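Chemist: Would you mind keeping the following structure in view while I ask a few things?
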Amino acid sequence: MMEYKGYRATVEFDYEAGVLHGRVIDTRDVIFFEATSVEQLEREFHFSIDDYLAVCAERGREPDKPFSGRIPLKVSSKLHRAATAAAKAEGKSLNAWVAEAIERAIP
């Protein structure tokens with residue numbers, strides 16, 4: 001995993017072409033880059049992010065931000081109490097318990 005200015009990217013290697021392909025994740029916008037060496041890949045990643053931010057600024061558009069990992073959540077006090085009790089019963093924080101419940105719910 002690569003990271004630059006809060007943006008993260010995954011990398012795949014195309015053995016036949018001898019090319020590294022990178023893709024920025026956690027944004028709705030599509031940002032790809034490629035290179036033939038690790039050093040070049042890092043430069044291309046940085047260039048892609050800097051270019052993306054510059055294009056957004058030129059167009060007066062707010063760049064898509066990577067997901068922060070925070071989910072604002074409002075529930076009833078009854079559900080809050082029950083979830084807190086369930087988390088404590090499992091020896092977990094409410095945050096960890098909710099995160100695990102979300103993971104289990106996603107196919």
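By order of appearance in the structure tokens: chains A, B, ..., then residues from 1 within every chain, and ligands from 1 in the order shown.
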Would you pick out the contacts of region 49-52 of chain A at 8 Å or less, using only C-alpha atoms, so that residues sharing its chain but fewer than 5 positions from it are not included, and give the list as a list in words?

Modeler: Tyr4, Lys5, Tyr7, Ile31 and Pro63 of chain A

Chemist: Next, write the just-selected residues to a file, as a CSV table (one decimal), in the first residue's frame, keeping C-alpha atoms as the atom set.

Modeler:
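Listed below is the output, out-v2.csv:
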chain,number,residue,atom,x,y,z
A,4,TYR,CA,0.7,10.3,-0.2
A,5,LYS,CA,-1.2,13.4,1.1
A,7,TYR,CA,-4.5,9.2,-0.5
A,31,ILE,CA,-7.0,7.8,-10.4
A,63,PRO,CA,-11.3,17.1,-4.5

Chemist: Please provide as a PyMOL selection string all residues within 8 Å of Thr10 (chain A), with the sequence filter that same-chain residues fewer than 2 positions apart are discarded (counting only C-alpha atoms).

Modeler: chain A and resi 1-2+8+12+22-25

Chemist: Could you save those same residues with N, CA and C atoms as a PDB file, in the first residue's frame?

Modeler:
ATOM      1  N   MET A   1       0.854  -1.173   0.000  1.00  0.00           N
ATOM      2  CA  MET A   1       0.000   0.000   0.000  1.00  0.00           C
ATOM      3  C   MET A   1       0.899   1.235   0.000  1.00  0.00           C
ATOM      4  N   MET A   2       0.571   2.172  -0.867  1.00  0.00           N
ATOM      5  CA  MET A   2       1.300   3.435  -0.943  1.00  0.00           C
ATOM      6  C   MET A   2       0.413   4.530  -0.363  1.00  0.00           C
ATOM      7  N   ARG A   8      -4.394   6.825  -0.608  1.00  0.00           N
ATOM      8  CA  ARG A   8      -3.742   5.518  -0.612  1.00  0.00           C
ATOM      9  C   ARG A   8      -3.945   4.848  -1.964  1.00  0.00           C
ATOM     10  N   GLU A  12      -0.414  -3.372  -8.621  1.00  0.00           N
ATOM     11  CA  GLU A  12      -0.388  -4.702  -9.216  1.00  0.00           C
ATOM     12  C   GLU A  12       0.744  -4.735 -10.236  1.00  0.00           C
ATOM     13  N   GLY A  22      -0.772   1.217 -10.632  1.00  0.00           N
ATOM     14  CA  GLY A  22      -1.282   1.702  -9.357  1.00  0.00           C
ATOM     15  C   GLY A  22      -2.672   2.267  -9.516  1.00  0.00           C
ATOM     16  N   ARG A  23      -3.447   2.156  -8.450  1.00  0.00           N
ATOM     17  CA  ARG A  23      -4.816   2.689  -8.438  1.00  0.00           C
ATOM     18  C   ARG A  23      -5.092   3.287  -7.069  1.00  0.00           C
ATOM     19  N   VAL A  24      -5.537   4.547  -7.064  1.00  0.00           N
ATOM     20  CA  VAL A  24      -5.884   5.213  -5.807  1.00  0.00           C
ATOM     21  C   VAL A  24      -7.213   4.653  -5.335  1.00  0.00           C
ATOM     22  N   ILE A  25      -7.269   4.312  -4.062  1.00  0.00           N
ATOM     23  CA  ILE A  25      -8.480   3.719  -3.481  1.00  0.00           C
ATOM     24  C   ILE A  25      -9.141   4.709  -2.528  1.00  0.00           C
TER      25      ILE A  25
END

Chemist: Please indicate the distance in Å from CA of Leu53 (chain A) to CA of Pro72 (chain A), rounded to one decimal place.

Modeler: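 If I compute the distance from CA of Leu53 (chain A) to CA of Pro72 (chain A), I get 26.3 Å.
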
Chemist: For Arg70 (chain A), find every residue with an atom within 12 Å (counting only C-alpha atoms), except residues of its own chain fewer than 5 positions away, and show them as a list in words.

Modeler: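 Result of the neighbour search: Asn95, Val98 and Ala99 of chain A.
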
Chemist: Emit the selected residues as a PDB file, in the first residue's frame, including C-alpha atoms.

Modeler:
ATOM      1  CA  ASN A  95     -16.426   1.101  18.728  1.00  0.00           C
ATOM      2  CA  VAL A  98     -19.856  -1.910  16.074  1.00  0.00           C
ATOM      3  CA  ALA A  99     -16.952  -2.202  13.577  1.00  0.00           C
TER       4      ALA A  99
END

Chemist: Mind listing the alpha helix (DSSP H) residues of chain A, per DSSP on the backbone, as a count of residues only?

Modeler: 46

Chemist: Going by DSSP on the backbone, which residues of chain A come out as strand (DSSP E or B)? List them as a list in words.

Modeler: Met2, Glu3, Tyr4, Tyr7, Arg8, Ala9, Thr10, Val11, Glu12, Phe13, Asp14, Val19, Leu20, His21, Gly22, Arg23, Val24, Ile25, Phe32, Phe33, Glu34 and Ala35 of chain A

Chemist: Mind writing the picked residues with N, CA, C and O atoms as a PDB file, in the first residue's frame?

Modeler:
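This went into part-v6.pdb:
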ATOM      1  N   MET A   2       0.571   2.172  -0.867  1.00  0.00           N
ATOM      2  CA  MET A   2       1.300   3.435  -0.943  1.00  0.00           C
ATOM      3  C   MET A   2       0.413   4.530  -0.363  1.00  0.00           C
ATOM      4  O   MET A   2      -0.811   4.447  -0.453  1.00  0.00           O
ATOM      5  N   GLU A   3       1.032   5.573   0.227  1.00  0.00           N
ATOM      6  CA  GLU A   3       0.258   6.676   0.776  1.00  0.00           C
ATOM      7  C   GLU A   3       0.962   7.992   0.502  1.00  0.00           C
ATOM      8  O   GLU A   3       2.182   8.103   0.621  1.00  0.00           O
ATOM      9  N   TYR A   4       0.161   9.003   0.114  1.00  0.00           N
ATOM     10  CA  TYR A   4       0.684  10.333  -0.169  1.00  0.00           C
ATOM     11  C   TYR A   4      -0.440  11.344   0.012  1.00  0.00           C
ATOM     12  O   TYR A   4      -1.525  11.183  -0.565  1.00  0.00           O
ATOM     13  N   TYR A   7      -3.930  10.144   0.544  1.00  0.00           N
ATOM     14  CA  TYR A   7      -4.494   9.241  -0.465  1.00  0.00           C
ATOM     15  C   TYR A   7      -3.694   7.932  -0.451  1.00  0.00           C
ATOM     16  O   TYR A   7      -2.472   7.943  -0.296  1.00  0.00           O
ATOM     17  N   ARG A   8      -4.394   6.825  -0.608  1.00  0.00           N
ATOM     18  CA  ARG A   8      -3.742   5.518  -0.612  1.00  0.00           C
ATOM     19  C   ARG A   8      -3.945   4.848  -1.964  1.00  0.00           C
ATOM     20  O   ARG A   8      -4.956   5.063  -2.617  1.00  0.00           O
ATOM     21  N   ALA A   9      -2.971   4.028  -2.335  1.00  0.00           N
ATOM     22  CA  ALA A   9      -3.061   3.334  -3.621  1.00  0.00           C
ATOM     23  C   ALA A   9      -2.614   1.891  -3.473  1.00  0.00           C
ATOM     24  O   ALA A   9      -1.750   1.571  -2.655  1.00  0.00           O
ATOM     25  N   THR A  10      -3.211   1.043  -4.294  1.00  0.00           N
ATOM     26  CA  THR A  10      -2.785  -0.349  -4.389  1.00  0.00           C
ATOM     27  C   THR A  10      -1.972  -0.496  -5.668  1.00  0.00           C
ATOM     28  O   THR A  10      -2.107   0.307  -6.594  1.00  0.00           O
ATOM     29  N   VAL A  11      -1.149  -1.534  -5.704  1.00  0.00           N
ATOM     30  CA  VAL A  11      -0.270  -1.750  -6.848  1.00  0.00           C
ATOM     31  C   VAL A  11      -0.384  -3.198  -7.312  1.00  0.00           C
ATOM     32  O   VAL A  11      -0.436  -4.109  -6.494  1.00  0.00           O
ATOM     33  N   GLU A  12      -0.414  -3.372  -8.621  1.00  0.00           N
ATOM     34  CA  GLU A  12      -0.388  -4.702  -9.216  1.00  0.00           C
ATOM     35  C   GLU A  12       0.744  -4.735 -10.236  1.00  0.00           C
ATOM     36  O   GLU A  12       1.090  -3.707 -10.823  1.00  0.00           O
ATOM     37  N   PHE A  13       1.293  -5.914 -10.452  1.00  0.00           N
ATOM     38  CA  PHE A  13       2.381  -6.069 -11.407  1.00  0.00           C
ATOM     39  C   PHE A  13       1.909  -6.902 -12.581  1.00  0.00           C
ATOM     40  O   PHE A  13       1.403  -8.010 -12.402  1.00  0.00           O
ATOM     41  N   ASP A  14       2.061  -6.360 -13.783  1.00  0.00           N
ATOM     42  CA  ASP A  14       1.756  -7.091 -15.015  1.00  0.00           C
ATOM     43  C   ASP A  14       3.068  -7.714 -15.480  1.00  0.00           C
ATOM     44  O   ASP A  14       3.917  -7.044 -16.069  1.00  0.00           O
ATOM     45  N   VAL A  19       5.136  -4.072 -16.240  1.00  0.00           N
ATOM     46  CA  VAL A  19       4.653  -2.758 -15.799  1.00  0.00           C
ATOM     47  C   VAL A  19       3.950  -2.882 -14.450  1.00  0.00           C
ATOM     48  O   VAL A  19       3.198  -3.824 -14.213  1.00  0.00           O
ATOM     49  N   LEU A  20       4.191  -1.909 -13.592  1.00  0.00           N
ATOM     50  CA  LEU A  20       3.492  -1.786 -12.318  1.00  0.00           C
ATOM     51  C   LEU A  20       2.309  -0.844 -12.530  1.00  0.00           C
ATOM     52  O   LEU A  20       2.473   0.248 -13.088  1.00  0.00           O
ATOM     53  N   HIS A  21       1.130  -1.278 -12.106  1.00  0.00           N
ATOM     54  CA  HIS A  21      -0.081  -0.466 -12.233  1.00  0.00           C
ATOM     55  C   HIS A  21      -0.540  -0.063 -10.838  1.00  0.00           C
ATOM     56  O   HIS A  21      -0.692  -0.928  -9.974  1.00  0.00           O
ATOM     57  N   GLY A  22      -0.772   1.217 -10.632  1.00  0.00           N
ATOM     58  CA  GLY A  22      -1.282   1.702  -9.357  1.00  0.00           C
ATOM     59  C   GLY A  22      -2.672   2.267  -9.516  1.00  0.00           C
ATOM     60  O   GLY A  22      -3.031   2.786 -10.577  1.00  0.00           O
ATOM     61  N   ARG A  23      -3.447   2.156  -8.450  1.00  0.00           N
ATOM     62  CA  ARG A  23      -4.816   2.689  -8.438  1.00  0.00           C
ATOM     63  C   ARG A  23      -5.092   3.287  -7.069  1.00  0.00           C
ATOM     64  O   ARG A  23      -4.882   2.642  -6.039  1.00  0.00           O
ATOM     65  N   VAL A  24      -5.537   4.547  -7.064  1.00  0.00           N
ATOM     66  CA  VAL A  24      -5.884   5.213  -5.807  1.00  0.00           C
ATOM     67  C   VAL A  24      -7.213   4.653  -5.335  1.00  0.00           C
ATOM     68  O   VAL A  24      -8.152   4.493  -6.117  1.00  0.00           O
ATOM     69  N   ILE A  25      -7.269   4.312  -4.062  1.00  0.00           N
ATOM     70  CA  ILE A  25      -8.480   3.719  -3.481  1.00  0.00           C
ATOM     71  C   ILE A  25      -9.141   4.709  -2.528  1.00  0.00           C
ATOM     72  O   ILE A  25      -8.587   5.754  -2.228  1.00  0.00           O
ATOM     73  N   PHE A  32      -5.488   6.459 -11.795  1.00  0.00           N
ATOM     74  CA  PHE A  32      -4.573   5.366 -12.112  1.00  0.00           C
ATOM     75  C   PHE A  32      -3.205   5.932 -12.450  1.00  0.00           C
ATOM     76  O   PHE A  32      -3.086   7.074 -12.885  1.00  0.00           O
ATOM     77  N   PHE A  33      -2.173   5.112 -12.303  1.00  0.00           N
ATOM     78  CA  PHE A  33      -0.820   5.481 -12.708  1.00  0.00           C
ATOM     79  C   PHE A  33      -0.048   4.200 -12.952  1.00  0.00           C
ATOM     80  O   PHE A  33      -0.450   3.124 -12.508  1.00  0.00           O
ATOM     81  N   GLU A  34       1.061   4.296 -13.704  1.00  0.00           N
ATOM     82  CA  GLU A  34       1.864   3.104 -13.972  1.00  0.00           C
ATOM     83  C   GLU A  34       3.323   3.478 -14.146  1.00  0.00           C
ATOM     84  O   GLU A  34       3.661   4.635 -14.391  1.00  0.00           O
ATOM     85  N   ALA A  35       4.194   2.466 -14.027  1.00  0.00           N
ATOM     86  CA  ALA A  35       5.635   2.679 -14.138  1.00  0.00           C
ATOM     87  C   ALA A  35       6.319   1.338 -14.350  1.00  0.00           C
ATOM     88  O   ALA A  35       5.706   0.274 -14.228  1.00  0.00           O
TER      89      ALA A  35
END

Chemist: One decimal, Å: what's the distance from CA of Ala82 (chain A) over to CA of Leu94 (chain A), could you say?

Modeler: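 Separating CA of Ala82 (chain A) from CA of Leu94 (chain A) is a distance of 10.3 Å.
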